[in-house]
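query_33.txt, holding compact mmCIF, C-alpha atoms and all ligand atoms:
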```txt
# COMPACT_ATOMS: atom_id res chain seq x y z
CA MET V 177 125.98 109.98 108.30
CA THR V 178 124.04 108.28 105.47
CA PRO V 179 120.32 108.35 106.30
CA ALA V 180 118.38 105.09 106.57
CA ALA V 181 116.89 103.91 103.26
CA LEU V 182 113.60 103.45 105.11
CA GLU V 183 112.55 104.54 108.55
CA LEU V 184 109.29 103.98 110.41
CA LEU V 185 108.68 105.88 113.62
CA GLY V 186 105.69 104.96 115.77
CA VAL V 187 103.71 103.89 112.71
CA THR V 188 100.18 102.52 113.21
CA ARG V 189 97.38 101.73 110.78
CA HIS V 190 93.72 101.42 111.69
CA PHE V 191 90.90 100.64 109.29
CA GLY V 192 87.30 101.76 109.72
CA SER V 193 85.85 103.28 112.86
CA GLY V 194 83.54 102.52 115.78
CA ALA V 195 82.53 98.94 116.50
CA THR V 196 83.97 97.63 113.20
CA ALA V 197 87.35 99.37 113.56
CA VAL V 198 90.40 97.16 112.92
CA HIS V 199 93.76 97.95 114.47
CA ALA V 200 95.92 96.32 111.78
CA LEU V 201 99.42 97.45 112.58
CA GLY V 202 101.81 98.90 115.11
CA PRO V 203 103.03 100.95 116.75
CA LEU V 204 106.06 100.01 114.72
CA ASP V 205 109.63 101.33 114.68
CA LEU V 206 111.94 100.06 111.96
CA SER V 207 115.07 101.37 110.33
CA ILE V 208 116.58 99.79 107.21
CA ALA V 209 120.15 100.60 106.15
CA PRO V 210 120.83 101.40 102.49
CA GLY V 211 121.76 98.28 100.53
CA SER V 212 120.44 95.79 103.05
CA PHE V 213 117.85 93.07 102.50
CA VAL V 214 115.22 92.80 105.21
CA SER V 215 112.70 89.95 105.30
CA VAL V 216 109.48 90.43 107.26
CA LEU V 217 107.88 87.24 108.50
CA GLY V 218 104.61 86.95 110.32
CA PRO V 219 101.31 85.10 110.70
CA SER V 220 98.47 85.60 108.27
CA GLY V 221 96.59 88.85 108.84
CA CYS V 222 99.31 90.47 110.99
CA GLY V 223 99.52 93.47 108.68
CA LYS V 224 102.44 92.56 106.41
CA SER V 225 100.78 93.76 103.22
CA THR V 226 99.56 96.87 105.01
CA LEU V 227 103.17 97.57 106.03
CA LEU V 228 104.29 97.17 102.44
CA ARG V 229 101.57 99.49 101.12
CA LEU V 230 102.60 102.13 103.67
CA VAL V 231 106.24 101.87 102.68
CA ALA V 232 105.30 101.99 98.98
CA GLY V 233 103.45 105.24 99.68
CA LEU V 234 100.16 103.71 98.51
CA GLU V 235 98.55 104.35 101.93
CA ALA V 236 99.17 106.81 104.74
CA PRO V 237 99.72 105.74 108.36
CA SER V 238 97.06 106.50 110.98
CA GLU V 239 99.81 107.67 113.33
CA GLY V 240 103.56 108.01 113.15
CA ARG V 241 105.96 108.95 110.39
CA LEU V 242 107.76 107.24 107.51
CA ARG V 243 110.96 108.49 105.94
CA ARG V 244 112.67 107.36 102.75
CA GLY V 245 116.33 108.29 102.35
CA GLY V 246 115.92 110.81 105.17
CA GLU V 247 112.94 112.55 103.53
CA ALA V 248 109.27 112.38 104.48
CA LEU V 249 107.55 109.66 102.49
CA ASP V 250 104.37 111.12 101.05
CA GLY V 251 103.37 108.93 98.10
CA PRO V 252 104.56 106.46 95.46
CA SER V 253 107.87 107.18 93.79
CA ARG V 254 109.90 105.85 90.88
CA ARG V 255 112.67 105.34 93.44
CA VAL V 256 110.66 102.39 94.79
CA GLY V 257 109.83 99.26 92.78
CA VAL V 258 107.16 96.80 93.90
CA VAL V 259 106.64 93.14 92.97
CA PHE V 260 103.37 91.54 94.10
CA GLN V 261 102.47 87.87 94.51
CA GLU V 262 100.35 87.82 91.39
CA HIS V 263 102.26 89.06 88.38
CA VAL V 264 100.37 91.93 86.83
CA LEU V 265 101.44 91.64 83.23
CA PHE V 266 99.12 92.85 80.49
CA PRO V 267 98.15 89.84 78.35
CA TRP V 268 97.88 91.82 75.12
CA ALA V 269 101.37 93.37 75.32
CA SER V 270 104.69 91.64 74.61
CA VAL V 271 107.00 90.78 77.51
CA LEU V 272 109.29 93.65 76.44
CA ASP V 273 106.42 96.16 76.36
CA ASN V 274 105.27 94.95 79.77
CA VAL V 275 108.75 95.55 81.18
CA LEU V 276 108.79 98.98 79.51
CA LEU V 277 105.56 100.09 81.18
CA PRO V 278 107.28 102.24 83.88
CA ALA V 279 109.09 104.11 81.08
CA ASP V 280 105.68 105.48 79.97
CA VAL V 281 104.46 106.05 83.53
CA TYR V 282 107.58 107.98 84.56
CA GLY V 283 108.43 109.48 81.17
CA LEU V 284 111.86 107.82 80.95
CA PRO V 285 113.87 108.32 77.74
CA ARG V 286 112.65 105.53 75.44
CA ALA V 287 115.93 104.32 73.89
CA ALA V 288 117.76 104.04 77.23
CA ALA V 289 114.74 102.35 78.83
CA ARG V 290 114.55 99.84 75.97
CA SER V 291 118.21 98.95 76.26
CA ARG V 292 117.88 98.57 80.05
CA ALA V 293 114.77 96.40 79.60
CA LEU V 294 116.61 94.13 77.15
CA HIS V 295 119.55 93.94 79.54
CA LEU V 296 117.28 92.95 82.45
CA LEU V 297 115.51 90.34 80.32
CA GLU V 298 118.91 88.95 79.37
CA ARG V 299 120.01 88.85 83.03
CA THR V 300 116.89 86.97 84.05
CA GLY V 301 117.02 84.44 81.22
CA LEU V 302 114.08 85.93 79.31
CA ALA V 303 115.87 87.47 76.32
CA ASP V 304 114.39 84.93 73.92
CA PHE V 305 110.87 85.73 75.12
CA ALA V 306 110.97 89.52 74.73
CA ALA V 307 108.59 89.53 71.76
CA GLN V 308 106.20 86.88 73.16
CA ARG V 309 102.96 87.49 75.00
CA PRO V 310 102.91 86.65 78.74
CA HIS V 311 100.62 83.61 78.23
CA SER V 312 103.51 81.74 76.65
CA LEU V 313 105.60 82.08 79.84
CA SER V 314 105.59 79.75 82.87
CA GLY V 315 104.59 81.16 86.29
CA GLY V 316 108.24 81.58 87.30
CA MET V 317 109.07 83.35 84.03
CA LYS V 318 106.14 85.73 84.50
CA GLN V 319 107.49 86.63 87.94
CA ARG V 320 110.96 87.20 86.42
CA ALA V 321 109.33 89.60 83.94
CA ALA V 322 107.58 91.32 86.86
CA PHE V 323 110.98 91.76 88.55
CA CYS V 324 112.42 93.24 85.35
CA ARG V 325 109.54 95.71 85.23
CA ALA V 326 110.02 96.75 88.86
CA LEU V 327 113.75 97.20 88.24
CA LEU V 328 113.39 99.18 85.00
CA PRO V 329 113.44 102.67 86.58
CA ASP V 330 116.51 101.61 88.61
CA PRO V 331 114.75 101.99 91.97
CA GLU V 332 116.76 102.47 95.14
CA ILE V 333 114.33 100.26 97.04
CA LEU V 334 112.65 97.06 95.96
CA LEU V 335 109.50 95.98 97.82
CA LEU V 336 108.49 92.35 97.45
CA ASP V 337 105.05 91.20 98.62
CA GLU V 338 105.22 87.39 98.67
CA PRO V 339 106.61 87.43 95.13
CA PHE V 340 107.08 83.66 95.07
CA GLY V 341 103.85 82.78 96.89
CA ALA V 342 101.99 81.42 93.87
CA LEU V 343 104.86 79.26 92.59
CA ASP V 344 105.69 75.60 93.15
CA ALA V 345 108.46 74.79 95.68
CA LEU V 346 111.24 74.13 93.15
CA THR V 347 110.56 77.24 91.06
CA ARG V 348 110.31 79.20 94.28
CA GLU V 349 113.74 78.17 95.48
CA GLU V 350 115.31 78.70 92.07
CA LEU V 351 113.80 82.16 91.76
CA SER V 352 114.78 83.19 95.30
CA LEU V 353 118.38 82.21 94.64
CA ASP V 354 118.32 84.12 91.33
CA LEU V 355 116.89 87.14 93.10
CA SER V 356 119.54 86.88 95.81
CA ARG V 357 122.26 86.91 93.13
CA LEU V 358 120.68 89.78 91.20
CA TRP V 359 120.18 91.79 94.39
CA GLY V 360 123.84 91.21 95.33
CA GLU V 361 124.90 92.68 91.99
CA LEU V 362 122.51 95.65 92.11
CA GLY V 363 123.30 96.57 95.72
CA ARG V 364 119.81 97.98 96.31
CA THR V 365 117.74 98.03 99.49
CA ALA V 366 115.04 95.35 99.60
CA LEU V 367 112.08 94.63 101.86
CA LEU V 368 110.52 91.19 101.45
CA ILE V 369 107.17 90.22 102.95
CA THR V 370 106.78 86.48 103.29
CA HIS V 371 105.17 83.56 105.16
CA ASP V 372 108.12 81.34 104.35
CA ILE V 373 110.86 81.03 107.01
CA GLU V 374 113.39 79.47 104.63
CA GLU V 375 112.91 82.15 101.98
CA ALA V 376 113.18 84.87 104.64
CA ILE V 377 116.53 83.51 105.85
CA LEU V 378 117.92 82.63 102.44
CA LEU V 379 117.41 86.16 101.15
CA GLY V 380 117.67 88.39 104.19
CA ASP V 381 120.43 90.18 106.05
CA ARG V 382 117.80 90.48 108.76
CA VAL V 383 114.57 88.64 109.48
CA VAL V 384 112.01 90.77 111.30
CA VAL V 385 109.36 88.61 112.96
CA MET V 386 105.95 90.19 113.56
CA SER V 387 103.28 89.37 116.12
CA ALA V 388 99.68 88.51 115.29
CA ARG V 389 97.42 91.51 114.59
CA PRO V 390 98.00 94.29 115.44
CA GLY V 391 101.37 93.54 113.85
CA ARG V 392 104.28 94.63 115.98
CA ILE V 393 107.93 93.62 115.84
CA ARG V 394 108.58 90.65 118.11
CA ALA V 395 112.19 90.00 117.13
CA ASP V 396 114.82 91.08 114.67
CA PHE V 397 117.30 88.33 113.70
CA ALA V 398 120.64 89.10 112.04
CA VAL V 399 121.33 86.56 109.29
CA ASP V 400 125.11 86.31 109.33
CA LEU V 401 125.36 83.79 106.50
CA PRO V 402 127.99 84.42 103.81
CA ARG V 403 126.98 85.60 100.34
CA PRO V 404 126.56 84.65 97.58
CA ARG V 405 124.06 82.13 98.94
CA GLY V 406 123.24 79.01 97.00
CA VAL V 407 121.57 75.63 97.25
CA ASP V 408 124.10 74.56 99.92
CA THR V 409 123.31 77.50 102.21
CA ALA V 410 120.22 75.75 103.56
CA SER V 411 122.24 72.79 104.75
CA SER V 412 124.77 74.86 106.74
CA PRO V 413 124.65 74.49 110.56
CA ARG V 414 124.28 78.27 111.05
CA TYR V 415 121.27 78.40 108.71
CA GLN V 416 119.66 75.52 110.61
CA GLU V 417 120.33 77.28 113.92
CA ILE V 418 118.70 80.54 112.77
CA LYS V 419 115.74 78.58 111.42
CA ARG V 420 115.32 76.76 114.74
CA GLU V 421 115.39 80.06 116.67
CA ILE V 422 112.78 81.66 114.39
CA ARG V 423 110.51 78.61 114.47
CA ALA V 424 110.74 78.47 118.27
CA LEU V 425 109.63 82.10 118.44
CA LEU V 426 106.82 81.71 115.89
CA PHE V 427 105.36 78.67 117.60
CA GLN V 428 105.49 80.26 121.04
CA ARG V 429 102.38 82.08 122.16
CA ALA V 430 102.56 85.71 120.96
N1 LIG T 501 91.37 98.20 103.37
C1 LIG T 501 91.10 97.53 104.50
N2 LIG T 501 89.96 97.73 105.19
C2 LIG T 501 89.69 97.07 106.34
N3 LIG T 501 90.53 96.17 106.90
C3 LIG T 501 91.68 95.93 106.26
C4 LIG T 501 92.04 96.58 105.03
N4 LIG T 501 93.28 96.13 104.64
C5 LIG T 501 93.65 95.23 105.58
N5 LIG T 501 92.72 95.12 106.54
C6 LIG T 501 92.78 94.27 107.74
O1 LIG T 501 94.03 94.52 108.36
C7 LIG T 501 94.60 93.30 108.83
C8 LIG T 501 95.96 93.11 108.20
O2 LIG T 501 95.81 92.81 106.80
P1 LIG T 501 97.06 92.53 105.84
O3 LIG T 501 96.53 92.15 104.50
O4 LIG T 501 98.00 93.66 105.91
O5 LIG T 501 97.72 91.26 106.56
P2 LIG T 501 98.80 90.23 106.03
O6 LIG T 501 99.72 89.95 107.18
O7 LIG T 501 99.43 90.73 104.77
O8 LIG T 501 97.91 88.96 105.72
P3 LIG T 501 98.24 87.69 104.79
O9 LIG T 501 99.54 87.15 105.27
O10 LIG T 501 97.09 86.77 105.06
O11 LIG T 501 98.27 88.19 103.38
C9 LIG T 501 93.60 92.20 108.50
O12 LIG T 501 92.82 91.95 109.63
C10 LIG T 501 92.79 92.79 107.37
O13 LIG T 501 91.48 92.25 107.37
```
Please lay out the structure from this file as structure tokens.
Ligand SMILES: Nc1ncnc2c1ncn2[C@@H]1O[C@H](COP(=O)(O)OP(=O)(O)OP(=O)(O)O)[C@@H](O)[C@H]1O
Amino acid sequence: MTPAALELLGVTRHFGSGATAVHALGPLDLSIAPGSFVSVLGPSGCGKSTLLRLVAGLEAPSEGRLRRGGEALDGPSRRVGVVFQEHVLFPWASVLDNVLLPADVYGLPRAAARSRALHLLERTGLADFAAQRPHSLSGGMKQRAAFCRALLPDPEILLLDEPFGALDALTREELSLDLSRLWGELGRTALLITHDIEEAILLGDRVVVMSARPGRIRADFAVDLPRPRGVDTASSPRYQEIKREIRALLFQRA
């Protein structure tokens, strides 16, 4: 049997100790099948970013175990790409060089990395901006470049921490639909952290709803909407029904 792309078993995370200790997360059990897109939705401060940092291998759990592709997860890996809310492009480097950054970090063969970077820039509508500096890009374009960079090492798993959070509503929707299309073509596993119910449904195969801190899983909704999803998806009766169910749960007392 193919192992889960990601698996969390009894994971908790505490910060600090004594009177100032914070129980941020868990215990949490979660299993994500290879190739699926899971959206995690929850109130502010429920531990969503903490969850993402654990899965990225940037932090260790206080208790419990994490497994990636059936193996113990013990640190960051080139098999996992991360996109954060604030693009982290270097202002002095060209868009192409920014996208190529993981090639230096992971020692990828330069020529192949360059051709993959150009391909990704092409696929995300940024080919004409490869030689420009990030300041000449709009917010949405900077996030597209950040996606290209995360995808450069061809990661098996893409982690998205509110990647559209700083964008205006129209750019947000456009970029989520583009990401949905790109993800469909790449067939990779994705974990999206978001506050936005619509984005969670539009992108996800599942929407995992978390409780207030300490974040635990309150519900796990299957999003059985056909793909590819587009601007019309949000007006379908099934989409509206899932949205109603999630809203009802979120606005109930935890
Ligand atoms: N390094 C840290 N030290 C102490 N407390 C922390 C640390 N990181 C997070 N926390 C606390 O853990 C809890 C969860 O934080 P986290 O950022 O994961 O939540 P979140 O759901 O991503 O929040 P938001 O949606 O507002 O971004 C919060 O109470 C936060 O103050």
Given all atoms listed in the file as the basis, pick out the residue of V:Asp381, V:Asp354, V:Asp372, V:Glu349 nearest to ligand LIG 501 (chain T).
V:Asp372
Go through V:Ala388, V:Ala236, V:Ala322, V:Met177 one by one, measure the shortest atom-to-atom distance of each to ligand LIG 501 (chain T) using all atoms listed in the file, and give the residue with the smallest value.
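For ligand LIG 501 (chain T), the nearest of the candidates is V:Ala388.
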Neighbours of Leu185 (chain V) within 8 Å (all atoms listed in the file; same-chain residues fewer than 2 positions away dropped), as JSON, numbers by chain?
{"V": [183, 187, 204, 205, 206, 240, 241, 242]}
How many Å lie between CA of His311 (chain V) and CA of Leu379 (chain V), rounded to one decimal?
28.5 Å
Show me, as lines of an AutoDock Vina configuration file, the centre and edge lengths in Å to one decimal of the axis-aligned box that covers every listed atom of ligand LIG 501 (chain T) with 4 Å on each side.
```
center_x = 94.7
center_y = 92.5
center_z = 106.5
size_x = 18.0
size_y = 19.4
size_z = 14.3
```
Given all atoms listed in the file, how would the per-residue table for chain V near ligand LIG 501 (chain T) read, listing every residue at most 9 Å away with its closest atom pair and distance in Å to one decimal, sorted by chain and number, as a tab-separated table?
```
residue	atom	partner	partner_atom	distance
V:Arg189	CA	T:LIG501	O1	8.3
V:His190	CA	T:LIG501	O1	7.7
V:Phe191	CA	T:LIG501	C2	4.8
V:Gly192	CA	T:LIG501	C2	6.3
V:Thr196	CA	T:LIG501	C2	8.9
V:Ala197	CA	T:LIG501	C2	7.9
V:Val198	CA	T:LIG501	N3	6.1
V:His199	CA	T:LIG501	O1	7.0
V:Ala200	CA	T:LIG501	O1	4.3
V:Leu201	CA	T:LIG501	C8	7.1
V:Leu217	CA	T:LIG501	O6	8.7
V:Gly218	CA	T:LIG501	O6	6.5
V:Pro219	CA	T:LIG501	O9	6.1
V:Ser220	CA	T:LIG501	O9	3.5
V:Gly221	CA	T:LIG501	O8	3.4
V:Cys222	CA	T:LIG501	O6	3.9
V:Gly223	CA	T:LIG501	O4	3.2
V:Lys224	CA	T:LIG501	O6	3.8
V:Ser225	CA	T:LIG501	O7	3.7
V:Thr226	CA	T:LIG501	O4	3.7
V:Leu227	CA	T:LIG501	O4	6.5
V:Leu228	CA	T:LIG501	O4	8.0
V:Arg229	CA	T:LIG501	O4	8.3
V:Asp337	CA	T:LIG501	O7	8.3
V:Glu338	CA	T:LIG501	O11	8.4
V:Ile369	CA	T:LIG501	O7	8.0
V:Thr370	CA	T:LIG501	O9	7.5
V:His371	CA	T:LIG501	O9	6.7
V:Met386	CA	T:LIG501	O6	8.9
V:Ala388	CA	T:LIG501	O6	8.2
V:Arg389	CA	T:LIG501	C7	6.7
V:Pro390	CA	T:LIG501	C7	7.5
V:Gly391	CA	T:LIG501	O6	7.8
```
Completion step: region 198-213 of chain V with N, CA and C atoms as a compact mmCIF listing (two decimals), in the coordinates of the input:
```
# COMPACT_ATOMS: atom_id res chain seq x y z
N VAL V 198 89.36 98.19 112.85
CA VAL V 198 90.40 97.16 112.92
C VAL V 198 91.73 97.86 113.16
N HIS V 199 92.41 97.46 114.24
CA HIS V 199 93.76 97.95 114.47
C HIS V 199 94.69 96.95 113.79
N ALA V 200 95.17 97.28 112.58
CA ALA V 200 95.92 96.32 111.78
C ALA V 200 97.39 96.25 112.15
N LEU V 201 97.96 97.40 112.50
CA LEU V 201 99.42 97.45 112.58
C LEU V 201 99.93 98.42 113.63
N GLY V 202 101.00 98.01 114.31
CA GLY V 202 101.81 98.90 115.11
C GLY V 202 101.31 99.16 116.52
N PRO V 203 101.98 100.06 117.25
CA PRO V 203 103.03 100.95 116.75
C PRO V 203 104.31 100.19 116.39
N LEU V 204 104.93 100.69 115.33
CA LEU V 204 106.06 100.01 114.72
C LEU V 204 107.21 100.99 114.51
N ASP V 205 108.40 100.58 114.95
CA ASP V 205 109.63 101.33 114.68
C ASP V 205 110.56 100.42 113.91
N LEU V 206 111.06 100.90 112.78
CA LEU V 206 111.94 100.06 111.96
C LEU V 206 112.85 100.96 111.16
N SER V 207 114.13 100.59 111.12
CA SER V 207 115.07 101.37 110.33
C SER V 207 115.86 100.39 109.45
N ILE V 208 115.92 100.69 108.17
CA ILE V 208 116.58 99.79 107.21
C ILE V 208 117.75 100.52 106.55
N ALA V 209 118.95 99.96 106.70
CA ALA V 209 120.15 100.60 106.15
C ALA V 209 120.17 100.47 104.64
N PRO V 210 120.75 101.48 103.96
CA PRO V 210 120.83 101.40 102.49
C PRO V 210 121.59 100.13 102.08
N GLY V 211 121.07 99.45 101.07
CA GLY V 211 121.76 98.28 100.53
C GLY V 211 121.49 96.99 101.27
N SER V 212 120.67 97.04 102.33
CA SER V 212 120.44 95.79 103.05
C SER V 212 119.13 95.14 102.61
N PHE V 213 119.02 93.85 102.87
CA PHE V 213 117.85 93.07 102.50
C PHE V 213 117.16 92.64 103.77
```
